[in-house]
Amino acid sequence: MFVTGDKVVYPMHGAGMINSIEKREDDSGRIVEYFILEMLLGDMKIMIPITNVDQVGLRHVISEQQLHEIEEVLVSRPENTMKSITWNRRFNLYIEKLKSGDVFEVASVVRTLTVQEEEKKLSTGERRLLNTARQILLSEVMLVRSQKLEDADKWLHRFFN
């Protein structure tokens with residue numbers, strides 16, 4: 001379960017903190033409790049009905065130990081199997097990985113698209129997807145390591161030079 005002050009990750013949006021729990025009346029007059037999240041990047045606040053937490057995939061941020069496992073994903077290099085798949089199918093596979101909320105899947109998307117970008121120019125859609133994946137990953141790293149965006153970005157860049 002989650003409580004106020006928890007550091008969490010909301011799939012496709014990234015990491016943030018549960019600032020409060022609020023009760024609001026819905027259209028049918030029912031009182032609904034919401035987690036109010038303040039996202040780390042993007043200056044966004046999100047309201048999630050407490051009853052929908054599992055459905056939307058809200059989870060706690062990873063541990064420092066798991067961050068080392070993420071580094072292993074970033075260091076490894078992707079298999080060339082994705083090149084034989086059409087770009088729109090690849091794009092949909094990447095979206096599915098991001099929507100899963102699994103930080104290891106997000107890291108693999110960042111790794112694969114960054115390596116691909118080094119080899120050839122990414123399409124506009126893939127570039128946007130890479131930026132989204134980077135933001136999701138970086139926001140979680142910022143919370144895990146208590147860092148600013150610039151420092152988390154330096155941490156990520158060291159895997160691709």
# chains A, B, ... in the order shown; residues from 1 in each chain; ligands from 1
$ select_by_dssp --residues "region 7-151 of chain A" --states "strand (DSSP E)" --output "PDB file with N, CA and C atoms, in the first residue's frame"
ATOM      1  N   LYS A   7       7.732   7.659  -2.544  1.00  0.00           N
ATOM      2  CA  LYS A   7       8.306   7.917  -3.867  1.00  0.00           C
ATOM      3  C   LYS A   7       7.786   6.815  -4.775  1.00  0.00           C
ATOM      4  N   VAL A   8       7.111   7.207  -5.852  1.00  0.00           N
ATOM      5  CA  VAL A   8       6.443   6.242  -6.719  1.00  0.00           C
ATOM      6  C   VAL A   8       6.737   6.512  -8.195  1.00  0.00           C
ATOM      7  N   VAL A   9       6.404   5.511  -9.013  1.00  0.00           N
ATOM      8  CA  VAL A   9       6.531   5.646 -10.462  1.00  0.00           C
ATOM      9  C   VAL A   9       5.172   5.345 -11.081  1.00  0.00           C
ATOM     10  N   TYR A  10       4.748   6.240 -11.958  1.00  0.00           N
ATOM     11  CA  TYR A  10       3.501   6.082 -12.686  1.00  0.00           C
ATOM     12  C   TYR A  10       3.888   5.808 -14.143  1.00  0.00           C
ATOM     13  N   GLY A  14       6.565   8.704 -15.318  1.00  0.00           N
ATOM     14  CA  GLY A  14       7.798   8.798 -14.557  1.00  0.00           C
ATOM     15  C   GLY A  14       7.577   8.792 -13.057  1.00  0.00           C
ATOM     16  N   ALA A  15       8.587   9.295 -12.360  1.00  0.00           N
ATOM     17  CA  ALA A  15       8.604   9.228 -10.899  1.00  0.00           C
ATOM     18  C   ALA A  15       8.092  10.522 -10.277  1.00  0.00           C
ATOM     19  N   GLY A  16       7.556  10.354  -9.076  1.00  0.00           N
ATOM     20  CA  GLY A  16       7.066  11.490  -8.315  1.00  0.00           C
ATOM     21  C   GLY A  16       6.824  11.095  -6.876  1.00  0.00           C
ATOM     22  N   MET A  17       6.194  11.988  -6.155  1.00  0.00           N
ATOM     23  CA  MET A  17       5.902  11.748  -4.740  1.00  0.00           C
ATOM     24  C   MET A  17       4.396  11.842  -4.515  1.00  0.00           C
ATOM     25  N   ILE A  18       3.927  11.025  -3.574  1.00  0.00           N
ATOM     26  CA  ILE A  18       2.535  11.155  -3.162  1.00  0.00           C
ATOM     27  C   ILE A  18       2.492  12.300  -2.166  1.00  0.00           C
ATOM     28  N   ASN A  19       1.911  13.415  -2.589  1.00  0.00           N
ATOM     29  CA  ASN A  19       1.858  14.609  -1.750  1.00  0.00           C
ATOM     30  C   ASN A  19       0.741  14.549  -0.716  1.00  0.00           C
ATOM     31  N   SER A  20      -0.376  13.971  -1.129  1.00  0.00           N
ATOM     32  CA  SER A  20      -1.509  13.934  -0.214  1.00  0.00           C
ATOM     33  C   SER A  20      -2.533  12.915  -0.685  1.00  0.00           C
ATOM     34  N   ILE A  21      -3.519  12.705   0.165  1.00  0.00           N
ATOM     35  CA  ILE A  21      -4.677  11.886  -0.173  1.00  0.00           C
ATOM     36  C   ILE A  21      -5.876  12.790   0.014  1.00  0.00           C
ATOM     37  N   GLU A  22      -6.671  12.913  -1.033  1.00  0.00           N
ATOM     38  CA  GLU A  22      -7.835  13.799  -0.974  1.00  0.00           C
ATOM     39  C   GLU A  22      -9.100  13.024  -1.260  1.00  0.00           C
ATOM     40  N   LYS A  23     -10.176  13.483  -0.654  1.00  0.00           N
ATOM     41  CA  LYS A  23     -11.495  12.913  -0.930  1.00  0.00           C
ATOM     42  C   LYS A  23     -12.246  13.910  -1.792  1.00  0.00           C
ATOM     43  N   ARG A  24     -12.825  13.398  -2.867  1.00  0.00           N
ATOM     44  CA  ARG A  24     -13.611  14.239  -3.778  1.00  0.00           C
ATOM     45  C   ARG A  24     -14.890  13.504  -4.129  1.00  0.00           C
ATOM     46  N   GLU A  25     -15.884  14.270  -4.461  1.00  0.00           N
ATOM     47  CA  GLU A  25     -17.165  13.685  -4.867  1.00  0.00           C
ATOM     48  C   GLU A  25     -17.152  13.481  -6.374  1.00  0.00           C
ATOM     49  N   ILE A  31     -18.190   9.534  -2.711  1.00  0.00           N
ATOM     50  CA  ILE A  31     -16.921  10.091  -2.263  1.00  0.00           C
ATOM     51  C   ILE A  31     -15.808   9.122  -2.672  1.00  0.00           C
ATOM     52  N   VAL A  32     -14.808   9.658  -3.375  1.00  0.00           N
ATOM     53  CA  VAL A  32     -13.691   8.852  -3.868  1.00  0.00           C
ATOM     54  C   VAL A  32     -12.403   9.424  -3.288  1.00  0.00           C
ATOM     55  N   GLU A  33     -11.524   8.525  -2.820  1.00  0.00           N
ATOM     56  CA  GLU A  33     -10.217   8.947  -2.319  1.00  0.00           C
ATOM     57  C   GLU A  33      -9.200   8.886  -3.450  1.00  0.00           C
ATOM     58  N   TYR A  34      -8.363   9.926  -3.524  1.00  0.00           N
ATOM     59  CA  TYR A  34      -7.350  10.029  -4.566  1.00  0.00           C
ATOM     60  C   TYR A  34      -5.973  10.226  -3.949  1.00  0.00           C
ATOM     61  N   PHE A  35      -4.967   9.578  -4.583  1.00  0.00           N
ATOM     62  CA  PHE A  35      -3.589   9.942  -4.303  1.00  0.00           C
ATOM     63  C   PHE A  35      -3.284  11.141  -5.185  1.00  0.00           C
ATOM     64  N   ILE A  36      -2.680  12.158  -4.620  1.00  0.00           N
ATOM     65  CA  ILE A  36      -2.261  13.320  -5.386  1.00  0.00           C
ATOM     66  C   ILE A  36      -0.749  13.215  -5.553  1.00  0.00           C
ATOM     67  N   LEU A  37      -0.321  12.987  -6.800  1.00  0.00           N
ATOM     68  CA  LEU A  37       1.102  12.827  -7.099  1.00  0.00           C
ATOM     69  C   LEU A  37       1.658  14.124  -7.661  1.00  0.00           C
ATOM     70  N   GLU A  38       2.838  14.482  -7.203  1.00  0.00           N
ATOM     71  CA  GLU A  38       3.567  15.581  -7.826  1.00  0.00           C
ATOM     72  C   GLU A  38       4.733  14.938  -8.566  1.00  0.00           C
ATOM     73  N   MET A  39       4.696  15.055  -9.877  1.00  0.00           N
ATOM     74  CA  MET A  39       5.703  14.418 -10.710  1.00  0.00           C
ATOM     75  C   MET A  39       6.992  15.230 -10.660  1.00  0.00           C
ATOM     76  N   LYS A  45       0.821  17.522 -11.834  1.00  0.00           N
ATOM     77  CA  LYS A  45       0.195  16.850 -10.703  1.00  0.00           C
ATOM     78  C   LYS A  45      -0.826  15.873 -11.266  1.00  0.00           C
ATOM     79  N   ILE A  46      -0.873  14.682 -10.675  1.00  0.00           N
ATOM     80  CA  ILE A  46      -1.768  13.646 -11.157  1.00  0.00           C
ATOM     81  C   ILE A  46      -2.614  13.150 -10.000  1.00  0.00           C
ATOM     82  N   MET A  47      -3.901  12.965 -10.272  1.00  0.00           N
ATOM     83  CA  MET A  47      -4.822  12.399  -9.284  1.00  0.00           C
ATOM     84  C   MET A  47      -5.146  10.977  -9.702  1.00  0.00           C
ATOM     85  N   ILE A  48      -4.903  10.028  -8.797  1.00  0.00           N
ATOM     86  CA  ILE A  48      -5.206   8.630  -9.085  1.00  0.00           C
ATOM     87  C   ILE A  48      -6.171   8.112  -8.030  1.00  0.00           C
ATOM     88  N   PRO A  49      -7.351   7.649  -8.449  1.00  0.00           N
ATOM     89  CA  PRO A  49      -8.252   7.047  -7.455  1.00  0.00           C
ATOM     90  C   PRO A  49      -7.539   5.872  -6.779  1.00  0.00           C
ATOM     91  N   ARG A  59       3.802   2.041  -8.744  1.00  0.00           N
ATOM     92  CA  ARG A  59       4.719   1.219  -7.951  1.00  0.00           C
ATOM     93  C   ARG A  59       5.708   2.115  -7.222  1.00  0.00           C
ATOM     94  N   HIS A  60       6.357   1.541  -6.205  1.00  0.00           N
ATOM     95  CA  HIS A  60       7.410   2.259  -5.498  1.00  0.00           C
ATOM     96  C   HIS A  60       8.650   2.341  -6.390  1.00  0.00           C
TER      97      HIS A  60
END
$ residues_around --residues "region 92-104 of chain A" --least-positions-apart "6" --cutoff "8 Å" --atoms "only C-alpha atoms" --output "number ranges by chain"
A: 9-12, 57-58, 70, 73, 129, 133, 137
$ write_last_selection --atoms "C-alpha atoms" --output "PDB file, in the first residue's frame"
ATOM      1  CA  VAL A   9       6.531   5.646 -10.462  1.00  0.00           C
ATOM      2  CA  TYR A  10       3.501   6.082 -12.686  1.00  0.00           C
ATOM      3  CA  PRO A  11       3.998   4.262 -16.022  1.00  0.00           C
ATOM      4  CA  MET A  12       4.438   6.545 -19.055  1.00  0.00           C
ATOM      5  CA  GLY A  57       0.519   0.203 -12.445  1.00  0.00           C
ATOM      6  CA  LEU A  58       1.664   2.611  -9.738  1.00  0.00           C
ATOM      7  CA  ILE A  70      19.705  -1.116 -14.419  1.00  0.00           C
ATOM      8  CA  VAL A  73      21.037  -3.313 -18.808  1.00  0.00           C
ATOM      9  CA  LEU A 129       9.931   7.867 -27.712  1.00  0.00           C
ATOM     10  CA  ALA A 133      11.874   6.829 -22.017  1.00  0.00           C
ATOM     11  CA  LEU A 137      14.213   6.594 -16.328  1.00  0.00           C
TER      12      LEU A 137
END
$ closest_residue --among "A:Phe160, A:Gln66, A:Gly125, A:Arg111" --to "Arg90 (chain A)" --atoms "only C-alpha atoms"
A:Gly125
$ residues_around --residues "Gln116 (chain A)" --least-positions-apart "3" --cutoff "12 Å" --atoms "only C-alpha atoms" --output "PyMOL selection string"
chain A and resi 77-80+82-83+108-113+119-123+126-127+130+160
$ select_by_dssp --residues "chain A" --states "alpha helix (DSSP H)" --output "ChimeraX atom specification"
/A:53-56,64-75,87-100,103-119,124-145,149-157
$ closest_residue --among "A:Val56, A:Met44, A:Leu67, A:Ile50" --to "Val141 (chain A)" --atoms "only C-alpha atoms"
A:Leu67
$ residues_around --residues "Lys154 (chain A)" --least-positions-apart "6" --cutoff "12 Å" --atoms "only C-alpha atoms" --output "list in words"
Leu138, Val141, Met142, Gln147, Lys148, Phe160 and Asn161 of chain A
$ write_last_selection --atoms "N, CA and C atoms" --output "mmCIF file, in the first residue's frame"
data_model
loop_
_atom_site.group_PDB
_atom_site.id
_atom_site.type_symbol
_atom_site.label_atom_id
_atom_site.label_comp_id
_atom_site.auth_asym_id
_atom_site.auth_seq_id
_atom_site.Cartn_x
_atom_site.Cartn_y
_atom_site.Cartn_z
ATOM 1 N N LEU A 138 15.207 8.783 -15.988
ATOM 2 C CA LEU A 138 15.937 9.803 -15.236
ATOM 3 C C LEU A 138 15.163 10.258 -14.001
ATOM 4 N N VAL A 141 15.767 7.683 -11.352
ATOM 5 C CA VAL A 141 17.144 7.766 -10.866
ATOM 6 C C VAL A 141 17.297 8.972 -9.941
ATOM 7 N N MET A 142 16.681 10.087 -10.296
ATOM 8 C CA MET A 142 16.749 11.283 -9.459
ATOM 9 C C MET A 142 16.230 11.006 -8.053
ATOM 10 N N GLN A 147 19.178 13.113 -6.586
ATOM 11 C CA GLN A 147 19.985 13.943 -7.472
ATOM 12 C C GLN A 147 19.131 14.932 -8.243
ATOM 13 N N LYS A 148 19.798 15.920 -8.789
ATOM 14 C CA LYS A 148 19.163 16.840 -9.720
ATOM 15 C C LYS A 148 19.208 16.205 -11.105
ATOM 16 N N PHE A 160 27.025 5.558 -22.668
ATOM 17 C CA PHE A 160 26.925 5.645 -24.129
ATOM 18 C C PHE A 160 28.046 6.454 -24.770
ATOM 19 N N ASN A 161 29.182 6.557 -24.106
ATOM 20 C CA ASN A 161 30.306 7.299 -24.697
ATOM 21 C C ASN A 161 31.418 6.379 -25.087
#
$ decode --residues "region 12-57 of chain A" --atoms "N, CA and C atoms" --output "PDB file, in the first residue's frame"
ATOM      1  N   MET A  12       4.543   5.571 -17.964  1.00  0.00           N
ATOM      2  CA  MET A  12       4.438   6.545 -19.055  1.00  0.00           C
ATOM      3  C   MET A  12       4.591   7.999 -18.581  1.00  0.00           C
ATOM      4  N   HIS A  13       4.662   8.219 -17.265  1.00  0.00           N
ATOM      5  CA  HIS A  13       4.815   9.587 -16.760  1.00  0.00           C
ATOM      6  C   HIS A  13       6.089   9.769 -15.947  1.00  0.00           C
ATOM      7  N   GLY A  14       6.565   8.704 -15.318  1.00  0.00           N
ATOM      8  CA  GLY A  14       7.798   8.798 -14.557  1.00  0.00           C
ATOM      9  C   GLY A  14       7.577   8.792 -13.057  1.00  0.00           C
ATOM     10  N   ALA A  15       8.587   9.295 -12.360  1.00  0.00           N
ATOM     11  CA  ALA A  15       8.604   9.228 -10.899  1.00  0.00           C
ATOM     12  C   ALA A  15       8.092  10.522 -10.277  1.00  0.00           C
ATOM     13  N   GLY A  16       7.556  10.354  -9.076  1.00  0.00           N
ATOM     14  CA  GLY A  16       7.066  11.490  -8.315  1.00  0.00           C
ATOM     15  C   GLY A  16       6.824  11.095  -6.876  1.00  0.00           C
ATOM     16  N   MET A  17       6.194  11.988  -6.155  1.00  0.00           N
ATOM     17  CA  MET A  17       5.902  11.748  -4.740  1.00  0.00           C
ATOM     18  C   MET A  17       4.396  11.842  -4.515  1.00  0.00           C
ATOM     19  N   ILE A  18       3.927  11.025  -3.574  1.00  0.00           N
ATOM     20  CA  ILE A  18       2.535  11.155  -3.162  1.00  0.00           C
ATOM     21  C   ILE A  18       2.492  12.300  -2.166  1.00  0.00           C
ATOM     22  N   ASN A  19       1.911  13.415  -2.589  1.00  0.00           N
ATOM     23  CA  ASN A  19       1.858  14.609  -1.750  1.00  0.00           C
ATOM     24  C   ASN A  19       0.741  14.549  -0.716  1.00  0.00           C
ATOM     25  N   SER A  20      -0.376  13.971  -1.129  1.00  0.00           N
ATOM     26  CA  SER A  20      -1.509  13.934  -0.214  1.00  0.00           C
ATOM     27  C   SER A  20      -2.533  12.915  -0.685  1.00  0.00           C
ATOM     28  N   ILE A  21      -3.519  12.705   0.165  1.00  0.00           N
ATOM     29  CA  ILE A  21      -4.677  11.886  -0.173  1.00  0.00           C
ATOM     30  C   ILE A  21      -5.876  12.790   0.014  1.00  0.00           C
ATOM     31  N   GLU A  22      -6.671  12.913  -1.033  1.00  0.00           N
ATOM     32  CA  GLU A  22      -7.835  13.799  -0.974  1.00  0.00           C
ATOM     33  C   GLU A  22      -9.100  13.024  -1.260  1.00  0.00           C
ATOM     34  N   LYS A  23     -10.176  13.483  -0.654  1.00  0.00           N
ATOM     35  CA  LYS A  23     -11.495  12.913  -0.930  1.00  0.00           C
ATOM     36  C   LYS A  23     -12.246  13.910  -1.792  1.00  0.00           C
ATOM     37  N   ARG A  24     -12.825  13.398  -2.867  1.00  0.00           N
ATOM     38  CA  ARG A  24     -13.611  14.239  -3.778  1.00  0.00           C
ATOM     39  C   ARG A  24     -14.890  13.504  -4.129  1.00  0.00           C
ATOM     40  N   GLU A  25     -15.884  14.270  -4.461  1.00  0.00           N
ATOM     41  CA  GLU A  25     -17.165  13.685  -4.867  1.00  0.00           C
ATOM     42  C   GLU A  25     -17.152  13.481  -6.374  1.00  0.00           C
ATOM     43  N   ASP A  26     -17.527  12.286  -6.825  1.00  0.00           N
ATOM     44  CA  ASP A  26     -17.583  12.042  -8.264  1.00  0.00           C
ATOM     45  C   ASP A  26     -18.952  12.449  -8.808  1.00  0.00           C
ATOM     46  N   ASP A  27     -19.174  12.219 -10.098  1.00  0.00           N
ATOM     47  CA  ASP A  27     -20.402  12.640 -10.763  1.00  0.00           C
ATOM     48  C   ASP A  27     -21.652  11.999 -10.172  1.00  0.00           C
ATOM     49  N   SER A  28     -21.489  10.806  -9.623  1.00  0.00           N
ATOM     50  CA  SER A  28     -22.651  10.111  -9.064  1.00  0.00           C
ATOM     51  C   SER A  28     -22.892  10.466  -7.596  1.00  0.00           C
ATOM     52  N   GLY A  29     -22.084  11.351  -7.051  1.00  0.00           N
ATOM     53  CA  GLY A  29     -22.255  11.756  -5.656  1.00  0.00           C
ATOM     54  C   GLY A  29     -21.470  10.903  -4.671  1.00  0.00           C
ATOM     55  N   ARG A  30     -20.761   9.918  -5.172  1.00  0.00           N
ATOM     56  CA  ARG A  30     -19.933   9.050  -4.324  1.00  0.00           C
ATOM     57  C   ARG A  30     -18.651   9.775  -3.928  1.00  0.00           C
ATOM     58  N   ILE A  31     -18.190   9.534  -2.711  1.00  0.00           N
ATOM     59  CA  ILE A  31     -16.921  10.091  -2.263  1.00  0.00           C
ATOM     60  C   ILE A  31     -15.808   9.122  -2.672  1.00  0.00           C
ATOM     61  N   VAL A  32     -14.808   9.658  -3.375  1.00  0.00           N
ATOM     62  CA  VAL A  32     -13.691   8.852  -3.868  1.00  0.00           C
ATOM     63  C   VAL A  32     -12.403   9.424  -3.288  1.00  0.00           C
ATOM     64  N   GLU A  33     -11.524   8.525  -2.820  1.00  0.00           N
ATOM     65  CA  GLU A  33     -10.217   8.947  -2.319  1.00  0.00           C
ATOM     66  C   GLU A  33      -9.200   8.886  -3.450  1.00  0.00           C
ATOM     67  N   TYR A  34      -8.363   9.926  -3.524  1.00  0.00           N
ATOM     68  CA  TYR A  34      -7.350  10.029  -4.566  1.00  0.00           C
ATOM     69  C   TYR A  34      -5.973  10.226  -3.949  1.00  0.00           C
ATOM     70  N   PHE A  35      -4.967   9.578  -4.583  1.00  0.00           N
ATOM     71  CA  PHE A  35      -3.589   9.942  -4.303  1.00  0.00           C
ATOM     72  C   PHE A  35      -3.284  11.141  -5.185  1.00  0.00           C
ATOM     73  N   ILE A  36      -2.680  12.158  -4.620  1.00  0.00           N
ATOM     74  CA  ILE A  36      -2.261  13.320  -5.386  1.00  0.00           C
ATOM     75  C   ILE A  36      -0.749  13.215  -5.553  1.00  0.00           C
ATOM     76  N   LEU A  37      -0.321  12.987  -6.800  1.00  0.00           N
ATOM     77  CA  LEU A  37       1.102  12.827  -7.099  1.00  0.00           C
ATOM     78  C   LEU A  37       1.658  14.124  -7.661  1.00  0.00           C
ATOM     79  N   GLU A  38       2.838  14.482  -7.203  1.00  0.00           N
ATOM     80  CA  GLU A  38       3.567  15.581  -7.826  1.00  0.00           C
ATOM     81  C   GLU A  38       4.733  14.938  -8.566  1.00  0.00           C
ATOM     82  N   MET A  39       4.696  15.055  -9.877  1.00  0.00           N
ATOM     83  CA  MET A  39       5.703  14.418 -10.710  1.00  0.00           C
ATOM     84  C   MET A  39       6.992  15.230 -10.660  1.00  0.00           C
ATOM     85  N   LEU A  40       8.105  14.529 -10.726  1.00  0.00           N
ATOM     86  CA  LEU A  40       9.415  15.165 -10.610  1.00  0.00           C
ATOM     87  C   LEU A  40       9.733  16.039 -11.819  1.00  0.00           C
ATOM     88  N   LEU A  41       9.401  15.544 -13.000  1.00  0.00           N
ATOM     89  CA  LEU A  41       9.683  16.284 -14.229  1.00  0.00           C
ATOM     90  C   LEU A  41       8.367  16.633 -14.916  1.00  0.00           C
ATOM     91  N   GLY A  42       8.344  17.763 -15.547  1.00  0.00           N
ATOM     92  CA  GLY A  42       7.160  18.136 -16.309  1.00  0.00           C
ATOM     93  C   GLY A  42       6.175  19.000 -15.556  1.00  0.00           C
ATOM     94  N   ASP A  43       6.478  19.355 -14.303  1.00  0.00           N
ATOM     95  CA  ASP A  43       5.605  20.245 -13.530  1.00  0.00           C
ATOM     96  C   ASP A  43       4.144  19.806 -13.621  1.00  0.00           C
ATOM     97  N   MET A  44       3.912  18.549 -13.271  1.00  0.00           N
ATOM     98  CA  MET A  44       2.588  17.963 -13.425  1.00  0.00           C
ATOM     99  C   MET A  44       2.123  17.370 -12.095  1.00  0.00           C
ATOM    100  N   LYS A  45       0.821  17.522 -11.834  1.00  0.00           N
ATOM    101  CA  LYS A  45       0.195  16.850 -10.703  1.00  0.00           C
ATOM    102  C   LYS A  45      -0.826  15.873 -11.266  1.00  0.00           C
ATOM    103  N   ILE A  46      -0.873  14.682 -10.675  1.00  0.00           N
ATOM    104  CA  ILE A  46      -1.768  13.646 -11.157  1.00  0.00           C
ATOM    105  C   ILE A  46      -2.614  13.150 -10.000  1.00  0.00           C
ATOM    106  N   MET A  47      -3.901  12.965 -10.272  1.00  0.00           N
ATOM    107  CA  MET A  47      -4.822  12.399  -9.284  1.00  0.00           C
ATOM    108  C   MET A  47      -5.146  10.977  -9.702  1.00  0.00           C
ATOM    109  N   ILE A  48      -4.903  10.028  -8.797  1.00  0.00           N
ATOM    110  CA  ILE A  48      -5.206   8.630  -9.085  1.00  0.00           C
ATOM    111  C   ILE A  48      -6.171   8.112  -8.030  1.00  0.00           C
ATOM    112  N   PRO A  49      -7.351   7.649  -8.449  1.00  0.00           N
ATOM    113  CA  PRO A  49      -8.252   7.047  -7.455  1.00  0.00           C
ATOM    114  C   PRO A  49      -7.539   5.872  -6.779  1.00  0.00           C
ATOM    115  N   ILE A  50      -7.587   5.829  -5.465  1.00  0.00           N
ATOM    116  CA  ILE A  50      -6.885   4.789  -4.721  1.00  0.00           C
ATOM    117  C   ILE A  50      -7.315   3.397  -5.193  1.00  0.00           C
ATOM    118  N   THR A  51      -8.571   3.255  -5.578  1.00  0.00           N
ATOM    119  CA  THR A  51      -9.060   1.947  -6.039  1.00  0.00           C
ATOM    120  C   THR A  51      -8.465   1.543  -7.384  1.00  0.00           C
ATOM    121  N   ASN A  52      -7.845   2.482  -8.116  1.00  0.00           N
ATOM    122  CA  ASN A  52      -7.282   2.187  -9.443  1.00  0.00           C
ATOM    123  C   ASN A  52      -5.764   2.030  -9.443  1.00  0.00           C
ATOM    124  N   VAL A  53      -5.144   2.056  -8.278  1.00  0.00           N
ATOM    125  CA  VAL A  53      -3.689   2.031  -8.196  1.00  0.00           C
ATOM    126  C   VAL A  53      -3.100   0.810  -8.903  1.00  0.00           C
ATOM    127  N   ASP A  54      -3.645  -0.372  -8.660  1.00  0.00           N
ATOM    128  CA  ASP A  54      -3.113  -1.574  -9.301  1.00  0.00           C
ATOM    129  C   ASP A  54      -3.345  -1.531 -10.807  1.00  0.00           C
ATOM    130  N   GLN A  55      -4.498  -1.061 -11.200  1.00  0.00           N
ATOM    131  CA  GLN A  55      -4.867  -1.006 -12.623  1.00  0.00           C
ATOM    132  C   GLN A  55      -3.930  -0.102 -13.419  1.00  0.00           C
ATOM    133  N   VAL A  56      -3.532   1.031 -12.841  1.00  0.00           N
ATOM    134  CA  VAL A  56      -2.659   1.960 -13.572  1.00  0.00           C
ATOM    135  C   VAL A  56      -1.189   1.589 -13.453  1.00  0.00           C
ATOM    136  N   GLY A  57      -0.855   0.683 -12.552  1.00  0.00           N
ATOM    137  CA  GLY A  57       0.519   0.203 -12.445  1.00  0.00           C
ATOM    138  C   GLY A  57       1.425   1.034 -11.557  1.00  0.00           C
TER     139      GLY A  57
END
